>>> print(open('final-v8.tsv').read())   # TSV, C-alpha atoms
chain	number	residue	atom	x	y	z
A	1	MET	CA	-98.24	-90.85	53.61
A	2	TYR	CA	-94.99	-92.49	54.74
A	3	VAL	CA	-95.25	-95.29	52.18
A	4	GLY	CA	-96.60	-93.07	49.41
A	5	ARG	CA	-100.25	-94.15	49.59
A	6	VAL	CA	-101.42	-90.57	49.37
A	7	THR	CA	-104.99	-91.25	48.26
A	8	LYS	CA	-105.61	-93.53	51.22
A	9	ALA	CA	-103.87	-91.06	53.55
A	10	ARG	CA	-106.24	-88.32	52.41
A	11	GLU	CA	-109.22	-90.53	53.16
A	12	PHE	CA	-107.98	-91.30	56.68
A	13	THR	CA	-107.15	-87.65	57.27
A	14	LYS	CA	-110.65	-86.61	56.26
A	15	GLU	CA	-112.12	-89.14	58.71
A	16	ALA	CA	-109.80	-87.95	61.50
A	17	ILE	CA	-110.71	-84.31	60.90
A	18	GLU	CA	-114.43	-85.04	60.90
A	19	SER	CA	-114.12	-87.14	64.05
A	20	ALA	CA	-112.21	-84.42	65.89
A	21	ILE	CA	-114.71	-81.75	64.89
A	22	ARG	CA	-117.58	-83.91	66.13
A	23	ALA	CA	-115.73	-84.23	69.45
A	24	ASP	CA	-115.42	-80.42	69.60
A	25	SER	CA	-111.65	-80.62	69.14
A	26	LYS	CA	-111.04	-78.27	66.24
A	27	GLU	CA	-107.37	-77.76	67.04
A	28	ASN	CA	-106.66	-81.48	66.72
A	29	ALA	CA	-108.62	-81.51	63.48
A	30	ALA	CA	-106.55	-78.63	62.17
A	31	VAL	CA	-103.27	-80.29	63.20
A	32	TRP	CA	-104.21	-83.41	61.21
A	33	GLN	CA	-104.98	-81.20	58.24
A	34	GLU	CA	-101.69	-79.33	58.52
A	35	ASN	CA	-99.78	-82.62	58.78
A	36	THR	CA	-101.19	-83.49	55.38
A	37	ALA	CA	-100.40	-80.01	54.09
A	38	LEU	CA	-96.74	-80.50	55.03
A	39	GLY	CA	-96.40	-83.79	53.15
A	40	GLU	CA	-98.25	-82.83	49.99
A	41	PRO	CA	-95.76	-80.22	48.67
A	42	ALA	CA	-92.77	-82.38	49.54
A	43	TYR	CA	-94.28	-85.04	47.28
A	44	GLY	CA	-94.93	-82.46	44.55
A	45	ASN	CA	-98.62	-81.71	45.10
A	46	ILE	CA	-98.28	-77.94	45.48
A	47	SER	CA	-101.84	-76.78	44.87
A	48	ARG	CA	-103.28	-79.40	47.21
A	49	ALA	CA	-100.82	-78.38	49.93
A	50	ARG	CA	-101.88	-74.74	49.82
A	51	GLN	CA	-105.54	-75.70	50.02
A	52	GLU	CA	-104.97	-77.98	53.03
A	53	ALA	CA	-102.84	-75.40	54.84
A	54	ALA	CA	-105.47	-72.68	54.36
A	55	ALA	CA	-108.28	-74.99	55.48
A	56	GLY	CA	-106.45	-75.90	58.67
A	57	LEU	CA	-105.91	-72.26	59.54
A	58	LYS	CA	-109.62	-71.54	59.13
A	59	LEU	CA	-110.46	-74.10	61.81
A	60	THR	CA	-108.25	-72.56	64.53
A	61	PRO	CA	-106.37	-69.47	63.29
A	62	GLU	CA	-104.99	-68.61	66.75
A	63	SER	CA	-103.43	-72.01	67.47
A	64	GLN	CA	-99.64	-71.95	67.81
A	65	ALA	CA	-99.40	-75.54	66.58
A	66	VAL	CA	-101.58	-74.99	63.53
A	67	GLU	CA	-99.95	-71.70	62.59
A	68	SER	CA	-96.48	-73.24	62.96
A	69	GLU	CA	-97.26	-76.14	60.65
A	70	ALA	CA	-99.17	-73.98	58.19
A	71	ALA	CA	-96.28	-71.53	57.87
A	72	LEU	CA	-93.87	-74.35	57.04
A	73	ALA	CA	-96.36	-75.97	54.67
A	74	PHE	CA	-96.76	-72.70	52.76
A	75	ALA	CA	-92.97	-72.29	52.66
A	76	ILE	CA	-92.47	-75.80	51.27
A	77	ALA	CA	-95.23	-75.09	48.74
A	78	GLY	CA	-93.40	-71.94	47.62
A	79	ASP	CA	-96.02	-69.45	48.85
A	80	GLN	CA	-93.66	-66.80	50.18
A	81	ALA	CA	-96.38	-64.25	50.97
A	82	GLN	CA	-98.47	-66.57	53.14
A	83	ALA	CA	-95.48	-68.16	54.84
A	84	GLY	CA	-93.86	-64.79	55.49
A	85	SER	CA	-97.01	-63.37	57.05
A	86	LEU	CA	-97.36	-66.33	59.41
A	87	VAL	CA	-93.66	-66.21	60.33
A	88	ARG	CA	-93.93	-62.56	61.32
A	89	ASP	CA	-97.00	-63.27	63.44
A	90	LEU	CA	-95.36	-66.25	65.20
A	91	ASN	CA	-92.23	-64.24	65.88
A	92	LYS	CA	-94.30	-61.44	67.40
A	93	ARG	CA	-96.52	-63.70	69.52
A	94	PHE	CA	-93.88	-66.16	70.72
A	95	PRO	CA	-90.55	-64.29	70.99
A	96	LEU	CA	-89.30	-66.47	73.86
A	97	ASP	CA	-90.62	-69.87	72.76
A	98	THR	CA	-87.62	-72.18	72.33
A	99	GLN	CA	-88.98	-74.41	69.57
A	100	ILE	CA	-90.55	-71.54	67.64
A	101	GLN	CA	-87.34	-69.49	67.69
A	102	SER	CA	-84.81	-72.31	67.38
A	103	ILE	CA	-86.57	-74.76	65.06
A	104	TRP	CA	-89.78	-73.68	63.36
A	105	LEU	CA	-88.84	-70.15	62.29
A	106	PRO	CA	-85.31	-71.09	61.11
A	107	ALA	CA	-86.76	-73.99	59.12
A	108	ARG	CA	-89.26	-71.72	57.38
A	109	ASN	CA	-86.72	-68.98	56.74
A	110	THR	CA	-84.27	-71.49	55.28
A	111	LYS	CA	-86.95	-73.00	53.04
A	112	LEU	CA	-88.03	-69.56	51.84
A	113	ALA	CA	-84.39	-68.72	51.12
A	114	LEU	CA	-84.06	-72.01	49.23
A	115	ASN	CA	-87.02	-70.97	47.09
A	116	ARG	CA	-85.19	-67.70	46.36
A	117	LYS	CA	-82.00	-69.62	45.43
A	118	ASN	CA	-79.92	-68.09	48.26
A	119	PRO	CA	-80.27	-70.53	51.14
A	120	ILE	CA	-76.74	-70.89	52.52
A	121	ASN	CA	-76.91	-67.55	54.33
A	122	GLU	CA	-79.81	-68.86	56.41
A	123	LEU	CA	-77.89	-71.84	57.82
A	124	GLY	CA	-77.02	-70.08	61.05
A	125	LEU	CA	-78.20	-72.62	63.62
A	126	SER	CA	-75.85	-72.87	66.57
A	127	ALA	CA	-74.80	-76.20	68.06
A	128	SER	CA	-77.28	-75.72	70.90
A	129	ASP	CA	-80.11	-75.08	68.44
A	130	ARG	CA	-79.27	-78.30	66.63
A	131	LYS	CA	-79.61	-80.21	69.88
A	132	VAL	CA	-83.05	-78.69	70.43
A	133	GLU	CA	-84.30	-79.80	67.03
A	134	PHE	CA	-84.21	-83.43	68.17
A	135	GLY	CA	-86.76	-82.63	70.86
A	136	LEU	CA	-90.30	-83.95	70.49
A	137	ILE	CA	-92.92	-81.71	68.89
A	138	PRO	CA	-95.29	-80.84	71.76
A	139	PHE	CA	-98.50	-81.06	69.78
A	140	ILE	CA	-97.83	-84.38	68.02
A	141	ASN	CA	-95.89	-86.35	70.65
A	142	PRO	CA	-93.95	-88.59	70.59
A	143	VAL	CA	-92.58	-87.49	67.23
A	144	SER	CA	-89.96	-85.09	65.91
A	145	CYS	CA	-90.10	-84.97	62.12
A	146	LEU	CA	-86.70	-83.21	61.96
A	147	TYR	CA	-87.96	-80.72	59.39
A	148	SER	CA	-84.91	-78.48	59.96
A	149	VAL	CA	-82.52	-81.35	59.28
A	150	TYR	CA	-84.36	-82.31	56.09
A	151	ILE	CA	-84.38	-78.75	54.80
A	152	ARG	CA	-80.68	-78.35	55.54
A	153	GLY	CA	-80.09	-81.46	53.48
A	154	GLU	CA	-82.00	-79.84	50.62
A	155	VAL	CA	-79.92	-76.67	50.97
A	156	TYR	CA	-76.59	-78.49	50.80
A	157	LEU	CA	-77.86	-80.54	47.88
A	158	ALA	CA	-78.87	-77.38	46.00
A	159	SER	CA	-75.50	-75.78	46.76
A	160	GLY	CA	-73.61	-78.76	45.32
A	161	ASP	CA	-72.28	-80.14	48.61
A	162	GLY	CA	-73.32	-83.75	48.25
A	163	ARG	CA	-71.23	-85.06	51.12
A	164	THR	CA	-72.77	-82.74	53.74
A	165	ALA	CA	-76.24	-83.20	52.27
A	166	ALA	CA	-75.90	-86.97	52.59
A	167	ALA	CA	-74.88	-86.59	56.25
A	168	GLU	CA	-77.98	-84.50	57.02
A	169	PHE	CA	-80.37	-86.96	55.37
A	170	LYS	CA	-78.61	-89.90	56.99
A	171	SER	CA	-79.08	-88.25	60.37
A	172	ILE	CA	-82.84	-88.56	59.85
A	173	LEU	CA	-82.50	-92.26	59.02
A	174	ASP	CA	-80.28	-92.73	62.08
A	175	HIS	CA	-83.09	-91.32	64.27
A	176	SER	CA	-85.95	-93.36	62.85
A	177	GLY	CA	-87.31	-94.01	66.34
A	178	THR	CA	-87.79	-90.27	66.76
A	179	VAL	CA	-88.97	-89.48	63.24
A	180	TRP	CA	-91.33	-92.46	63.30
A	181	ASN	CA	-93.66	-92.31	60.24
A	182	CYS	CA	-93.09	-88.68	59.23
A	183	TRP	CA	-92.73	-88.14	55.49
A	184	THR	CA	-89.23	-86.80	56.14
A	185	GLY	CA	-88.21	-90.31	57.16
A	186	ALA	CA	-89.34	-91.71	53.82
A	187	LEU	CA	-87.85	-88.97	51.66
A	188	ALA	CA	-84.57	-89.07	53.57
A	189	HIS	CA	-83.79	-92.27	51.63
A	190	LEU	CA	-84.23	-90.32	48.40
A	191	GLY	CA	-82.18	-87.46	49.81
A	192	VAL	CA	-79.28	-89.81	50.54
A	193	ALA	CA	-79.59	-91.21	47.02
A	194	ARG	CA	-79.54	-87.79	45.39
A	195	ALA	CA	-76.66	-86.57	47.55
A	196	ASN	CA	-74.51	-89.59	46.66
A	197	ALA	CA	-75.46	-89.30	43.00
A	198	LEU	CA	-74.18	-85.72	43.16
A	199	GLN	CA	-70.93	-86.95	44.73
A	200	ALA	CA	-70.59	-89.51	41.94
A	201	ARG	CA	-70.89	-86.76	39.34
A	202	THR	CA	-68.38	-84.48	41.04
A	203	SER	CA	-65.80	-87.11	42.03
A	204	GLN	CA	-63.40	-89.26	40.08
A	205	GLY	CA	-62.12	-92.83	40.12
A	206	ALA	CA	-62.83	-95.02	43.12
A	207	ASP	CA	-64.57	-92.21	45.02
A	208	ALA	CA	-67.05	-91.74	42.19
A	209	ASP	CA	-67.67	-95.47	41.93
A	210	ALA	CA	-68.29	-95.77	45.67
A	211	ALA	CA	-70.68	-92.81	45.68
A	212	ARG	CA	-72.58	-94.25	42.72
A	213	ALA	CA	-72.94	-97.59	44.53
A	214	ARG	CA	-74.28	-95.82	47.64
A	215	ALA	CA	-76.70	-93.82	45.50
A	216	LEU	CA	-78.05	-96.91	43.75
A	217	ALA	CA	-78.56	-98.64	47.10
A	218	ALA	CA	-80.40	-95.64	48.54
A	219	TYR	CA	-82.63	-95.30	45.46
A	220	LYS	CA	-83.46	-99.00	45.79
A	221	ASP	CA	-84.31	-98.52	49.48
A	222	PHE	CA	-86.70	-95.69	48.64
A	223	LEU	CA	-88.36	-97.47	45.74
A	224	THR	CA	-88.76	-100.61	47.84
A	225	LEU	CA	-90.37	-98.59	50.62
A	226	TRP	CA	-92.72	-97.06	48.05
A	227	LYS	CA	-93.36	-100.24	46.06
A	228	ASP	CA	-97.12	-99.92	46.68
A	229	ALA	CA	-97.23	-96.13	46.42
A	230	ASP	CA	-99.67	-94.25	44.22
A	231	PRO	CA	-97.95	-94.28	40.81
A	232	ASP	CA	-98.76	-90.67	39.89
A	233	ILE	CA	-96.87	-88.96	42.74
A	234	PRO	CA	-94.51	-86.42	41.13
A	235	ILE	CA	-91.51	-87.15	43.37
A	236	LEU	CA	-91.88	-90.90	42.78
A	237	LYS	CA	-91.78	-90.36	39.03
A	238	GLN	CA	-88.65	-88.24	39.45
A	239	ALA	CA	-86.99	-90.85	41.65
A	240	LYS	CA	-87.66	-93.64	39.15
A	241	ALA	CA	-86.24	-91.57	36.30
A	242	GLU	CA	-83.13	-90.66	38.31
A	243	TYR	CA	-82.56	-94.28	39.31
A	244	ALA	CA	-82.92	-95.51	35.72
A	245	LYS	CA	-80.47	-92.89	34.47
A	246	LEU	CA	-77.90	-93.74	37.15
A	247	LYS	CA	-78.12	-97.47	36.41
>>> encode(input="final-v8.tsv", output="C-alpha cells")
Amino acid sequence: MYVGRVTKAREFTKEAIESAIRADSKENAAVWQENTALGEPAYGNISRARQEAAAGLKLTPESQAVESEAALAFAIAGDQAQAGSLVRDLNKRFPLDTQIQSIWLPARNTKLALNRKNPINELGLSASDRKVEFGLIPFINPVSCLYSVYIRGEVYLASGDGRTAAAEFKSILDHSGTVWNCWTGALAHLGVARANALQARTSQGADADAARARALAAYKDFLTLWKDADPDIPILKQAKAEYAKLK
C-alpha cells in the first residue's frame, strides 16, 4: 500500500487474513483487514473501504483495536453514521483509555468535522495530547501511523492555511522511523506538495516562487515513490494532474 501497489496489497492482505483465521486468530485477521480499510479511502477507493471496514468488524466486533480502526476508516470514507456509532461505543467502553481519548476519538471527530466542512473547531488537542500521539499503536507495534497529524494537515489545508498544513505533513516525514510503511507516510509527501502549492497561490514575489519550488519538489518525491503504483488510483491521478498544472 505504501508504494501504491494496491492490487498486490489486497492479495497479500487476503492471504494474511486467511492465515490468521486458520490459526484461530480472528482479531489479528480483522486488524489486517482494517489496516486495508484505512488506506483505501485515503487513496480514493471509498466503496472498497466501507466493505473492508464492515468485514473486519464482523470477525471480532468486540475488539478495541478493530473497532478503533474501523471507526476511523468509516470516518475517512465519509460514512458519518457508522463512524459516529462506533465512536459513541468506544467512548462509553473506554472512558479512561489514554490513546482512545487522546488520539483515536479526536482523529475521528476531526475527520467527521472535515467532512461537514467545519473542522477547525475540532482542533482542540492539548500539548500533552500531541505528545501522546507519537506513541506506538499497541496492536500493531512498533508503528504509529500518526493519523491525527495527517488529519490535522488536511484540516489546515482545507481552511487555507498552507504554511501550518505543510508543517503537519512534514512532521510525519520527519518521523519516518515511527510511521514506517503506513500510507500516511506516503501521502505526507503529497500533503507537503499541496500545502506549498497553496502557499504559492496565496503569496507574492519571492515567497510565492519559493513555495512553488518546494511544491514541485514534493510532488516529484511522491510521484517517484509511486513510480510503479497502480495507474488507476484516484489520488495518483489527481497528483499527476496537479503537478502538471503547477509545472
>>> closest_residue(input="final-v8.tsv", among="A:Asp221, A:Glu154, A:Glu69, A:Asp209", to="Leu173 of chain A", atoms="all atoms listed in the file")
A:Asp221
>>> closest_residue(input="final-v8.tsv", among="A:Ala206, A:Ala71, A:Ile21, A:Val31", to="Phe139 of chain A", atoms="only C-alpha atoms")
A:Val31
>>> atom_distance(input="final-v8.tsv", atom1="atom CA of Phe134 of chain A", atom2="atom CA of Trp183 of chain A")
16.0 Å
>>> closest_residue(input="final-v8.tsv", among="A:Gly162, A:Pro61, A:Gly78, A:Gly4", to="Tyr43 of chain A", atoms="only C-alpha atoms")
A:Gly4
>>> residues_near_point(input="final-v8.tsv", point="(-75.6, -95.0, 43.3)", cutoff="7 Å", atoms="all atoms listed in the file", output="ChimeraX atom specification")
/A:193,196-197,211-217,246
>>> residues_around(input="final-v8.tsv", residues="Glu67 of chain A", least_positions_apart="5", cutoff="10 Å", atoms="all atoms listed in the file", output="list in words")
Ala30, Val31, Glu34, Ala53, Ala54, Gly56, Leu57, Thr60, Pro61, Glu62, Leu72, Ala73, Ala83, Leu86, Val87, Asp89 and Leu90 of chain A
>>> write_last_selection(input="final-v8.tsv", atoms="C-alpha atoms", output="mmCIF file, in the coordinates of the input")
data_model
loop_
_atom_site.group_PDB
_atom_site.id
_atom_site.type_symbol
_atom_site.label_atom_id
_atom_site.label_comp_id
_atom_site.auth_asym_id
_atom_site.auth_seq_id
_atom_site.Cartn_x
_atom_site.Cartn_y
_atom_site.Cartn_z
ATOM 1 C CA ALA A 30 -106.550 -78.630 62.170
ATOM 2 C CA VAL A 31 -103.270 -80.290 63.200
ATOM 3 C CA GLU A 34 -101.690 -79.330 58.520
ATOM 4 C CA ALA A 53 -102.840 -75.400 54.840
ATOM 5 C CA ALA A 54 -105.470 -72.680 54.360
ATOM 6 C CA GLY A 56 -106.450 -75.900 58.670
ATOM 7 C CA LEU A 57 -105.910 -72.260 59.540
ATOM 8 C CA THR A 60 -108.250 -72.560 64.530
ATOM 9 C CA PRO A 61 -106.370 -69.470 63.290
ATOM 10 C CA GLU A 62 -104.990 -68.610 66.750
ATOM 11 C CA LEU A 72 -93.870 -74.350 57.040
ATOM 12 C CA ALA A 73 -96.360 -75.970 54.670
ATOM 13 C CA ALA A 83 -95.480 -68.160 54.840
ATOM 14 C CA LEU A 86 -97.360 -66.330 59.410
ATOM 15 C CA VAL A 87 -93.660 -66.210 60.330
ATOM 16 C CA ASP A 89 -97.000 -63.270 63.440
ATOM 17 C CA LEU A 90 -95.360 -66.250 65.200
#
